[in-house]
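Asker: Sharing data_33.pdb, PDB, C-alpha atoms:
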ATOM      1  CA  MET A   1       0.000   0.000   0.000
ATOM      2  CA  LEU A   2       1.470   3.309  -1.119
ATOM      3  CA  PRO A   3       1.519   6.257   1.271
ATOM      4  CA  VAL A   4      -1.630   8.307   0.827
ATOM      5  CA  GLY A   5       0.485  11.427   0.312
ATOM      6  CA  TYR A   6       1.240  10.311  -3.247
ATOM      7  CA  TYR A   7      -2.448  10.342  -4.110
ATOM      8  CA  ILE A   8      -2.961  13.692  -2.401
ATOM      9  CA  ALA A   9      -0.075  15.190  -4.392
ATOM     10  CA  LEU A  10      -1.520  13.843  -7.649
ATOM     11  CA  SER A  11      -4.906  15.257  -6.663
ATOM     12  CA  ALA A  12      -3.315  18.682  -6.078
ATOM     13  CA  ILE A  13      -1.650  18.582  -9.505
ATOM     14  CA  LEU A  14      -4.887  17.604 -11.257
ATOM     15  CA  PHE A  15      -6.785  20.328  -9.397
ATOM     16  CA  THR A  16      -4.224  22.913 -10.485
ATOM     17  CA  LEU A  17      -4.535  21.781 -14.110
ATOM     18  CA  GLY A  18      -8.309  22.135 -13.860
ATOM     19  CA  ALA A  19      -8.034  25.636 -12.423
ATOM     20  CA  LEU A  20      -5.582  26.497 -15.195
ATOM     21  CA  GLY A  21      -8.070  25.242 -17.779
ATOM     22  CA  VAL A  22     -10.767  27.556 -16.428
ATOM     23  CA  LEU A  23      -8.369  30.477 -16.755
ATOM     24  CA  ILE A  24      -6.753  29.890 -20.148
ATOM     25  CA  ARG A  25      -9.606  28.474 -22.224
ATOM     26  CA  ARG A  26     -12.250  30.661 -23.834
ATOM     27  CA  ASN A  27     -14.665  27.923 -24.916
ATOM     28  CA  SER A  28     -17.345  27.508 -22.265
ATOM     29  CA  ILE A  29     -17.712  23.744 -22.839
ATOM     30  CA  VAL A  30     -13.988  23.215 -22.238
ATOM     31  CA  ILE A  31     -14.193  25.454 -19.149
ATOM     32  CA  PHE A  32     -16.977  23.184 -17.945
ATOM     33  CA  MET A  33     -14.795  20.114 -18.520
ATOM     34  CA  SER A  34     -12.043  21.748 -16.472
ATOM     35  CA  ILE A  35     -14.503  22.201 -13.607
ATOM     36  CA  GLU A  36     -15.250  18.467 -13.834
ATOM     37  CA  LEU A  37     -11.513  17.821 -13.658
ATOM     38  CA  MET A  38     -11.289  19.846 -10.436
ATOM     39  CA  LEU A  39     -14.258  17.980  -8.913
ATOM     40  CA  ASN A  40     -12.564  14.735  -9.831
ATOM     41  CA  ALA A  41      -9.315  15.794  -8.170
ATOM     42  CA  GLY A  42     -11.282  16.566  -5.016
ATOM     43  CA  ASN A  43     -12.902  13.136  -5.201
ATOM     44  CA  LEU A  44      -9.487  11.501  -5.456
ATOM     45  CA  ALA A  45      -8.371  13.256  -2.265
ATOM     46  CA  PHE A  46     -11.593  12.158  -0.526
ATOM     47  CA  VAL A  47     -11.078   8.509  -1.466
ATOM     48  CA  ALA A  48      -7.396   8.627  -0.487
ATOM     49  CA  PHE A  49      -8.191   9.991   2.966
ATOM     50  CA  ALA A  50     -11.069   7.528   3.355
ATOM     51  CA  ARG A  51      -8.516   4.772   2.783
ATOM     52  CA  ALA A  52      -6.026   6.335   5.203
ATOM     53  CA  TYR A  53      -8.546   6.717   8.024
ATOM     54  CA  GLN A  54     -10.304   3.410   7.253
ATOM     55  CA  SER A  55     -13.603   5.267   7.169
ATOM     56  CA  LEU A  56     -16.283   4.812   4.541
ATOM     57  CA  SER A  57     -17.652   8.335   5.026
ATOM     58  CA  GLY A  58     -15.183   9.703   2.480
ATOM     59  CA  GLN A  59     -16.479   7.333  -0.158
ATOM     60  CA  ILE A  60     -20.069   8.293   0.651
ATOM     61  CA  PHE A  61     -19.119  11.938   0.127
ATOM     62  CA  VAL A  62     -17.635  11.077  -3.250
ATOM     63  CA  PHE A  63     -20.926   9.411  -4.123
ATOM     64  CA  PHE A  64     -22.827  12.596  -3.262
ATOM     65  CA  ILE A  65     -20.327  14.784  -5.126
ATOM     66  CA  MET A  66     -20.881  12.650  -8.225
ATOM     67  CA  ALA A  67     -24.650  13.100  -7.926
ATOM     68  CA  VAL A  68     -24.243  16.871  -7.560
ATOM     69  CA  ALA A  69     -21.806  16.955 -10.495
ATOM     70  CA  ALA A  70     -24.307  15.113 -12.674
ATOM     71  CA  ALA A  71     -27.032  17.608 -11.760
ATOM     72  CA  GLU A  72     -24.640  20.514 -12.371
ATOM     73  CA  VAL A  73     -23.641  19.198 -15.792
ATOM     74  CA  ALA A  74     -27.265  18.719 -16.843
ATOM     75  CA  VAL A  75     -28.237  22.268 -15.889
ATOM     76  CA  GLY A  76     -24.988  23.832 -17.106
ATOM     77  CA  LEU A  77     -25.111  22.235 -20.531
ATOM     78  CA  ALA A  78     -28.755  23.253 -20.875
ATOM     79  CA  LEU A  79     -27.653  26.813 -20.066
ATOM     80  CA  ILE A  80     -24.901  26.622 -22.692
ATOM     81  CA  VAL A  81     -27.425  25.409 -25.285
ATOM     82  CA  ALA A  82     -29.800  28.249 -24.361
ATOM     83  CA  ILE A  83     -26.982  30.811 -24.609
ATOM     84  CA  PHE A  84     -25.921  29.401 -27.973
ATOM     85  CA  GLN A  85     -29.466  29.742 -29.275
ATOM     86  CA  THR A  86     -29.517  33.460 -28.522
ATOM     87  CA  LYS A  87     -25.884  34.499 -29.062
ATOM     88  CA  ARG A  88     -24.785  31.929 -31.702
ATOM     89  CA  SER A  89     -21.519  31.561 -29.795
ATOM     90  CA  ILE A  90     -20.194  29.856 -26.684
ATOM     91  CA  ASP A  91     -16.969  31.863 -26.528
ATOM     92  CA  VAL A  92     -16.879  33.464 -23.095
ATOM     93  CA  ASP A  93     -15.269  36.621 -24.482
ATOM     94  CA  GLN A  94     -18.445  37.310 -26.463
ATOM     95  CA  LEU A  95     -20.726  36.749 -23.470
ATOM     96  CA  ASN A  96     -19.903  40.013 -21.732
ATOM     97  CA  THR A  97     -23.436  41.364 -21.734
ATOM     98  CA  MET A  98     -26.222  39.890 -19.667
ATOM     99  CA  GLN A  99     -28.976  41.133 -21.923
ATOM    100  CA  GLY A 100     -29.832  39.144 -25.092
TER     101      GLY A 100
ATOM    102  CA  MET B   1       5.104  -2.369  -2.969
ATOM    103  CA  THR B   2       7.400  -1.724  -5.926
ATOM    104  CA  SER B   3       4.964  -3.016  -8.537
ATOM    105  CA  GLU B   4       2.293  -0.794  -7.005
ATOM    106  CA  LEU B   5       4.698   2.134  -7.167
ATOM    107  CA  ILE B   6       5.427   1.492 -10.853
ATOM    108  CA  LEU B   7       1.696   1.180 -11.590
ATOM    109  CA  PHE B   8       1.002   4.397  -9.700
ATOM    110  CA  PHE B   9       3.622   6.394 -11.577
ATOM    111  CA  ILE B  10       2.609   5.104 -15.018
ATOM    112  CA  LEU B  11      -1.031   5.908 -14.296
ATOM    113  CA  ALA B  12      -0.124   9.272 -12.783
ATOM    114  CA  ILE B  13       1.774  10.194 -15.945
ATOM    115  CA  VAL B  14      -1.228   9.132 -18.053
ATOM    116  CA  ALA B  15      -3.595  11.144 -15.856
ATOM    117  CA  VAL B  16      -1.515  14.321 -15.919
ATOM    118  CA  ALA B  17      -0.766  13.987 -19.638
ATOM    119  CA  SER B  18      -4.439  13.523 -20.492
ATOM    120  CA  ALA B  19      -5.352  16.547 -18.360
ATOM    121  CA  VAL B  20      -2.738  18.650 -20.176
ATOM    122  CA  GLY B  21      -3.984  17.275 -23.493
ATOM    123  CA  MET B  22      -7.498  18.352 -22.573
ATOM    124  CA  LEU B  23      -6.247  21.847 -21.748
ATOM    125  CA  LEU B  24      -4.333  22.313 -24.982
ATOM    126  CA  SER B  25      -6.417  20.499 -27.610
ATOM    127  CA  ARG B  26      -7.949  22.723 -30.263
ATOM    128  CA  ASN B  27     -10.883  20.393 -30.876
ATOM    129  CA  ALA B  28     -13.542  20.112 -28.175
ATOM    130  CA  VAL B  29     -14.252  16.479 -29.072
ATOM    131  CA  TYR B  30     -10.589  15.611 -28.479
ATOM    132  CA  ALA B  31     -10.755  17.474 -25.175
ATOM    133  CA  ALA B  32     -13.755  15.356 -24.143
ATOM    134  CA  LEU B  33     -11.967  12.138 -25.133
ATOM    135  CA  TYR B  34      -8.858  13.156 -23.162
ATOM    136  CA  LEU B  35     -11.090  13.810 -20.171
ATOM    137  CA  ILE B  36     -12.630  10.320 -20.507
ATOM    138  CA  LEU B  37      -9.108   8.858 -20.430
ATOM    139  CA  ASN B  38      -8.376  10.912 -17.326
ATOM    140  CA  PHE B  39     -11.546   9.680 -15.583
ATOM    141  CA  ALA B  40     -10.692   6.080 -16.469
ATOM    142  CA  THR B  41      -7.229   6.359 -14.925
ATOM    143  CA  VAL B  42      -8.713   7.943 -11.811
ATOM    144  CA  ALA B  43     -11.114   4.974 -11.652
ATOM    145  CA  VAL B  44      -8.065   2.685 -11.521
ATOM    146  CA  PHE B  45      -6.663   4.823  -8.683
ATOM    147  CA  TYR B  46      -9.932   4.270  -6.822
ATOM    148  CA  LEU B  47      -9.460   0.527  -7.260
ATOM    149  CA  MET B  48      -5.926   0.803  -5.872
ATOM    150  CA  LEU B  49      -7.397   2.671  -2.874
ATOM    151  CA  SER B  50      -9.831  -0.242  -2.340
ATOM    152  CA  ALA B  51     -12.900   1.740  -3.349
ATOM    153  CA  ALA B  52     -14.380  -0.773  -5.787
ATOM    154  CA  PHE B  53     -17.926   0.616  -5.751
ATOM    155  CA  ILE B  54     -16.831   4.218  -6.259
ATOM    156  CA  SER B  55     -14.522   3.094  -9.055
ATOM    157  CA  LEU B  56     -17.343   1.511 -11.024
ATOM    158  CA  VAL B  57     -19.640   4.468 -10.351
ATOM    159  CA  GLN B  58     -16.864   6.677 -11.723
ATOM    160  CA  VAL B  59     -16.735   4.661 -14.937
ATOM    161  CA  THR B  60     -20.498   4.505 -15.473
ATOM    162  CA  VAL B  61     -21.552   7.958 -14.263
ATOM    163  CA  TYR B  62     -18.539  10.147 -15.067
ATOM    164  CA  ALA B  63     -16.806   8.498 -18.003
ATOM    165  CA  GLY B  64     -20.114   7.183 -19.298
ATOM    166  CA  ALA B  65     -23.125   9.381 -18.685
ATOM    167  CA  ILE B  66     -21.617  12.804 -18.067
ATOM    168  CA  MET B  67     -19.130  12.664 -20.918
ATOM    169  CA  VAL B  68     -21.776  11.381 -23.330
ATOM    170  CA  LEU B  69     -23.807  14.441 -22.375
ATOM    171  CA  PHE B  70     -20.793  16.652 -23.133
ATOM    172  CA  LEU B  71     -20.235  14.993 -26.510
ATOM    173  CA  PHE B  72     -23.922  15.339 -27.345
ATOM    174  CA  VAL B  73     -23.848  19.066 -26.667
ATOM    175  CA  ILE B  74     -20.573  19.598 -28.552
ATOM    176  CA  MET B  75     -21.954  17.827 -31.617
ATOM    177  CA  LEU B  76     -25.395  19.424 -31.280
ATOM    178  CA  LEU B  77     -23.915  22.897 -31.298
ATOM    179  CA  GLY B  78     -21.278  22.066 -33.913
ATOM    180  CA  ALA B  79     -18.723  23.688 -31.644
ATOM    181  CA  GLU B  80     -15.814  21.316 -32.195
ATOM    182  CA  HIS B  81     -13.377  24.002 -33.234
ATOM    183  CA  THR B  82     -12.544  25.966 -30.149
ATOM    184  CA  GLY B  83     -10.131  28.292 -31.883
ATOM    185  CA  ARG B  84      -7.440  30.123 -30.000
ATOM    186  CA  LEU B  85      -6.617  29.625 -26.355
ATOM    187  CA  SER B  86      -6.411  33.260 -25.296
ATOM    188  CA  GLU B  87      -6.143  36.372 -27.339
ATOM    189  CA  SER B  88      -3.046  37.963 -25.886
ATOM    190  CA  GLY B  89       0.185  36.692 -24.430
ATOM    191  CA  TRP B  90      -0.321  37.890 -20.892
ATOM    192  CA  MET B  91      -3.769  36.334 -20.724
ATOM    193  CA  PHE B  92      -2.081  32.994 -21.405
ATOM    194  CA  TRP B  93       1.073  33.353 -19.317
ATOM    195  CA  THR B  94      -0.370  34.976 -16.192
ATOM    196  CA  PRO B  95      -2.649  31.965 -15.457
ATOM    197  CA  ILE B  96       0.282  29.615 -16.157
ATOM    198  CA  VAL B  97       2.443  31.428 -13.595
ATOM    199  CA  LEU B  98      -0.398  31.615 -11.060
ATOM    200  CA  GLY B  99      -1.175  27.925 -11.567
ATOM    201  CA  ALA B 100       2.475  27.012 -11.076
ATOM    202  CA  VAL B 101       2.507  29.036  -7.838
ATOM    203  CA  LEU B 102      -0.647  27.214  -6.662
ATOM    204  CA  ALA B 103       0.834  23.800  -7.469
ATOM    205  CA  VAL B 104       4.130  24.579  -5.740
ATOM    206  CA  GLU B 105       2.296  25.851  -2.658
ATOM    207  CA  ALA B 106       0.095  22.756  -2.477
ATOM    208  CA  LEU B 107       2.999  20.336  -2.944
ATOM    209  CA  TYR B 108       5.098  22.249  -0.390
ATOM    210  CA  ILE B 109       2.326  21.964   2.201
ATOM    211  CA  ILE B 110       1.860  18.240   1.449
ATOM    212  CA  LEU B 111       5.583  17.586   1.811
ATOM    213  CA  ARG B 112       5.758  19.576   5.048
ATOM    214  CA  GLN B 113       2.795  17.681   6.485
ATOM    215  CA  TRP B 114       3.974  14.291   5.177
ATOM    216  CA  LYS B 115       4.425  12.983   8.726
ATOM    217  CA  ALA B 116       0.940  14.108   9.750
ATOM    218  CA  ILE B 117      -0.750  12.020   7.058
ATOM    219  CA  PRO B 118      -1.635   8.752   8.763
ATOM    220  CA  ALA B 119       0.122   5.609   7.649
ATOM    221  CA  THR B 120      -2.239   3.197   5.940
ATOM    222  CA  GLN B 121      -2.854  -0.235   7.341
ATOM    223  CA  ALA B 122      -4.219  -3.089   5.295
ATOM    224  CA  ALA B 123      -7.924  -2.694   4.759
ATOM    225  CA  GLY B 124     -10.455  -5.436   5.337
ATOM    226  CA  SER B 125     -11.559  -7.290   2.239
ATOM    227  CA  ASP B 126     -15.038  -5.754   2.366
ATOM    228  CA  PHE B 127     -13.798  -2.148   2.726
ATOM    229  CA  GLY B 128     -15.352  -0.166  -0.109
ATOM    230  CA  ALA B 129     -17.374  -3.107  -1.384
ATOM    231  CA  PRO B 130     -20.899  -2.281  -2.598
ATOM    232  CA  ALA B 131     -22.515  -3.985   0.406
ATOM    233  CA  ALA B 132     -20.439  -2.008   2.919
ATOM    234  CA  VAL B 133     -20.992   1.290   1.088
ATOM    235  CA  GLY B 134     -24.721   0.595   0.838
ATOM    236  CA  LEU B 135     -25.008  -0.171   4.537
ATOM    237  CA  GLU B 136     -23.135   3.021   5.446
ATOM    238  CA  LEU B 137     -25.267   5.025   3.004
ATOM    239  CA  PHE B 138     -28.615   3.812   4.286
ATOM    240  CA  GLN B 139     -27.699   3.691   7.970
ATOM    241  CA  ASN B 140     -25.851   6.958   8.511
ATOM    242  CA  TYR B 141     -26.557   9.067   5.418
ATOM    243  CA  LEU B 142     -30.204   8.343   4.651
ATOM    244  CA  LEU B 143     -31.382  11.975   4.766
ATOM    245  CA  PRO B 144     -28.661  13.328   2.425
ATOM    246  CA  PHE B 145     -29.441  10.453   0.078
ATOM    247  CA  GLU B 146     -33.098  11.451  -0.102
ATOM    248  CA  VAL B 147     -32.198  15.131  -0.502
ATOM    249  CA  THR B 148     -29.987  14.121  -3.431
ATOM    250  CA  SER B 149     -32.992  12.625  -5.163
ATOM    251  CA  VAL B 150     -34.824  15.945  -4.813
ATOM    252  CA  LEU B 151     -31.746  17.743  -6.183
ATOM    253  CA  LEU B 152     -31.641  15.478  -9.218
ATOM    254  CA  LEU B 153     -35.355  16.027  -9.836
ATOM    255  CA  VAL B 154     -34.894  19.810  -9.665
ATOM    256  CA  ALA B 155     -31.906  19.614 -12.020
ATOM    257  CA  MET B 156     -33.913  17.523 -14.468
ATOM    258  CA  ILE B 157     -36.826  19.976 -14.484
ATOM    259  CA  GLY B 158     -34.416  22.909 -14.785
ATOM    260  CA  ALA B 159     -32.598  21.360 -17.719
ATOM    261  CA  ILE B 160     -35.847  20.657 -19.539
ATOM    262  CA  LEU B 161     -37.098  24.208 -18.920
ATOM    263  CA  LEU B 162     -33.834  25.809 -20.065
ATOM    264  CA  ALA B 163     -33.349  23.700 -23.167
ATOM    265  CA  ARG B 164     -36.844  23.634 -24.599
ATOM    266  CA  SER B 165     -37.426  25.710 -27.671
ATOM    267  CA  LYS B 166     -38.827  29.209 -27.233
ATOM    268  CA  LYS B 167     -41.690  28.708 -29.711
ATOM    269  CA  ALA B 168     -43.476  26.025 -27.692
TER     270      ALA B 168
END
Let me see the structure of the file written as structure tokens.
Answerer:
Amino acid sequence: MLPVGYYIALSAILFTLGALGVLIRRNSIVIFMSIELMLNAGNLAFVAFARAYQSLSGQIFVFFIMAVAAAEVAVGLALIVAIFQTKRSIDVDQLNTMQG
Amino acid sequence: MTSELILFFILAIVAVASAVGMLLSRNAVYAALYLILNFATVAVFYLMLSAAFISLVQVTVYAGAIMVLFLFVIMLLGAEHTGRLSESGWMFWTPIVLGAVLAVEALYIILRQWKAIPATQAAGSDFGAPAAVGLELFQNYLLPFEVTSVLLLVAMIGAILLARSKKA
């Protein structure tokens, strides 16, 4: 069994890459994918600590995070589709006005 | 121990490389496929951490359902070509520098606290098995579980309302 610190370090690296993706990409779908990457990095840390403390609560939290992520993706992608129907673009640089 | 270490590092390289590939790919479909690869490797990490149930949920829900939804939307909108990353140099390099600072900070803290992270003992054979997770879920987390069902219902109604055509 590897030390849990390895998994935590990997989780930190993946989270950083996700945060970087939100900052450098301009396509809102790819930004959304980066948010999923960050959620996934958090899940990895949860599972690693659940293993370290021999407690199943961490895994239950991951289960709930996955349910929330699924709900978030459904609503978020519906929002992106609605924005595309009005603005004909999903580039975040073009979405600088709230009104139609 | 050593074979596990080798497996961990190979998979870690695949995970980080697929995340970087997702960040830099010009085509949104490629980005989604890189992300599926990343989720699959993380599912293997879950197996190594004796979380069998979570690992399979990761494959079916994340790599399966959620990414299929992403691919549907990308192809529905015809938005494969994502174009440039950022318009000017500083808008690209400032996040890179800030991200590097964040990563170095996080790794520094992890290395400093390395002793505080508890050493892992061998887990029982049923740790993380579906039966054990189900018992924990329905004994100690019944209310959050039910609230999650309400959340999913609300998300479903919201998605239908947002995505339906304006003419109807």
Asker: Report as a PyMOL selection string the full result of the PyMOL selection byres ((chain B) within 6 of (chain A)) when it is applied to this structure.
Answerer: chain B and resi 23+82+85+92+99+103+120+152+155+159+162-163
Asker: Could you work out how far atom CA of Ala51 of chain B lies from atom CA of Leu39 of chain A, giving the answer in Å with one decimal?
Answerer: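 For atom CA of Leu39 of chain A relative to atom CA of Ala51 of chain B, the distance reads 17.2 Å.
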Asker: Quick one, how far is atom CA of Phe46 of chain A from atom CA of Pro144 of chain B?
Answerer: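 Straight-line distance from atom CA of Phe46 of chain A to atom CA of Pro144 of chain B works out to 17.4 Å.
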Asker: Need the shell around segment 57-71 of chain B: protein/DNA/RNA residues with any atom at most 7 Å away, counting all atoms listed in the file. Skip same-chain ones fewer than 4 positions apart. Format as a ChimeraX atom specification?
Answerer: /A:70 /B:29,32,36,39-40,43,53,75
Asker: What residues have an atom no more than 6 Å from (-15.7, 21.0, -34.2) in the file's own frame, counting all atoms listed in the file, and can you write them as a CSV table (one decimal) with C-alpha atoms, keeping the file's coordinate frame?
Answerer:
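Result file is out-v2.csv:
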chain,number,residue,atom,x,y,z
B,27,ASN,CA,-10.9,20.4,-30.9
B,78,GLY,CA,-21.3,22.1,-33.9
B,79,ALA,CA,-18.7,23.7,-31.6
B,80,GLU,CA,-15.8,21.3,-32.2
B,81,HIS,CA,-13.4,24.0,-33.2
Asker: Please measure the separation of atom CA of Val73 of chain B and atom CA of Ile13 of chain B, giving the value in Å to one decimal.
Answerer: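 Separating atom CA of Val73 of chain B from atom CA of Ile13 of chain B is a distance of 29.2 Å.
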Asker: Show me the residues around (0.3, 2.6, -6.9) - criterion: an atom at most 9 Å away, all atoms listed in the file counted - as a PyMOL selection string.
Answerer: (chain A and resi 1-2+6-7) or (chain B and resi 1-12+45+48-49)
Asker: Calculated over only C-alpha atoms, which of the candidates B:Leu107, B:Ala15, B:Val150, B:Ile54 has the smallest distance to Gly134 of chain B?
Answerer: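 Counting only C-alpha atoms, the residue closest to Gly134 of chain B is B:Ile54.
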Asker: Just so the selection is clear, what residues does the PyMOL selection byres ((chain B and resi 126) around 12) cover here, as a list in words?
Answerer: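 On this input, the PyMOL selection byres ((chain B and resi 126) around 12) captures Gln54 and Leu56 of chain A; Ser50, Ala51, Ala52, Phe53, Ala122, Ala123, Gly124, Ser125, Phe127, Gly128, Ala129, Pro130, Ala131, Ala132, Val133, Gly134 and Leu135 of chain B.
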Asker: Residues of the last selection are to be written out with C-alpha atoms, as a JSON list (two decimals), keeping the file's coordinate frame.
Answerer:
[["chain", "number", "residue", "atom", "x", "y", "z"],
["A", 54, "GLN", "CA", -10.30, 3.41, 7.25],
["A", 56, "LEU", "CA", -16.28, 4.81, 4.54],
["B", 50, "SER", "CA", -9.83, -0.24, -2.34],
["B", 51, "ALA", "CA", -12.90, 1.74, -3.35],
["B", 52, "ALA", "CA", -14.38, -0.77, -5.79],
["B", 53, "PHE", "CA", -17.93, 0.62, -5.75],
["B", 122, "ALA", "CA", -4.22, -3.09, 5.30],
["B", 123, "ALA", "CA", -7.92, -2.69, 4.76],
["B", 124, "GLY", "CA", -10.46, -5.44, 5.34],
["B", 125, "SER", "CA", -11.56, -7.29, 2.24],
["B", 127, "PHE", "CA", -13.80, -2.15, 2.73],
["B", 128, "GLY", "CA", -15.35, -0.17, -0.11],
["B", 129, "ALA", "CA", -17.37, -3.11, -1.38],
["B", 130, "PRO", "CA", -20.90, -2.28, -2.60],
["B", 131, "ALA", "CA", -22.52, -3.98, 0.41],
["B", 132, "ALA", "CA", -20.44, -2.01, 2.92],
["B", 133, "VAL", "CA", -20.99, 1.29, 1.09],
["B", 134, "GLY", "CA", -24.72, 0.60, 0.84],
["B", 135, "LEU", "CA", -25.01, -0.17, 4.54]]
Asker: Go through A:Lys87, A:Gly58, A:Gln94, A:Ala45 and flag the residue nearest Ile110 of chain B, using all atoms listed in the file for the distances.
Answerer: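 Of A:Lys87, A:Gly58, A:Gln94, A:Ala45, the one nearest Ile110 of chain B, counting all atoms listed in the file, is A:Ala45.
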Asker: For the structure shown, which residues end up in the PyMOL selection byres ((chain B and resi 19) around 7)? Put them as JSON, numbers by chain, please?
Answerer: {"A": [17], "B": [15, 16, 17, 18, 20, 21, 22, 23, 34, 35, 38]}
Asker: Taking the structure I provided as the source, export segment 95-111 of chain B with N, CA and C atoms, as a compact mmCIF listing (two decimals), in the first residue's frame.
Answerer:
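Everything below was put into out.txt:
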# COMPACT_ATOMS: atom_id res chain seq x y z
N PRO B 95 -2.08 33.16 -16.12
CA PRO B 95 -2.65 31.96 -15.46
C PRO B 95 -1.64 30.84 -15.29
N ILE B 96 -0.72 30.69 -16.27
CA ILE B 96 0.28 29.61 -16.16
C ILE B 96 1.14 29.86 -14.92
N VAL B 97 1.59 31.12 -14.75
CA VAL B 97 2.44 31.43 -13.60
C VAL B 97 1.66 31.24 -12.30
N LEU B 98 0.41 31.74 -12.29
CA LEU B 98 -0.40 31.62 -11.06
C LEU B 98 -0.67 30.15 -10.75
N GLY B 99 -0.94 29.35 -11.79
CA GLY B 99 -1.18 27.92 -11.57
C GLY B 99 0.06 27.23 -11.04
N ALA B 100 1.24 27.61 -11.57
CA ALA B 100 2.47 27.01 -11.08
C ALA B 100 2.67 27.36 -9.61
N VAL B 101 2.38 28.63 -9.24
CA VAL B 101 2.51 29.04 -7.84
C VAL B 101 1.57 28.20 -6.96
N LEU B 102 0.33 28.01 -7.43
CA LEU B 102 -0.65 27.21 -6.66
C LEU B 102 -0.16 25.78 -6.47
N ALA B 103 0.37 25.19 -7.56
CA ALA B 103 0.83 23.80 -7.47
C ALA B 103 2.01 23.69 -6.52
N VAL B 104 2.96 24.65 -6.61
CA VAL B 104 4.13 24.58 -5.74
C VAL B 104 3.72 24.73 -4.28
N GLU B 105 2.79 25.67 -4.03
CA GLU B 105 2.30 25.85 -2.66
C GLU B 105 1.69 24.57 -2.12
N ALA B 106 0.79 23.96 -2.94
CA ALA B 106 0.10 22.76 -2.48
C ALA B 106 1.08 21.63 -2.21
N LEU B 107 2.04 21.43 -3.13
CA LEU B 107 3.00 20.34 -2.94
C LEU B 107 3.91 20.61 -1.75
N TYR B 108 4.26 21.90 -1.55
CA TYR B 108 5.10 22.25 -0.39
C TYR B 108 4.38 21.89 0.91
N ILE B 109 3.08 22.26 0.98
CA ILE B 109 2.33 21.96 2.20
C ILE B 109 2.22 20.46 2.41
N ILE B 110 1.97 19.71 1.31
CA ILE B 110 1.86 18.24 1.45
C ILE B 110 3.18 17.65 1.95
N LEU B 111 4.29 18.13 1.38
CA LEU B 111 5.58 17.59 1.81
C LEU B 111 5.89 17.95 3.26
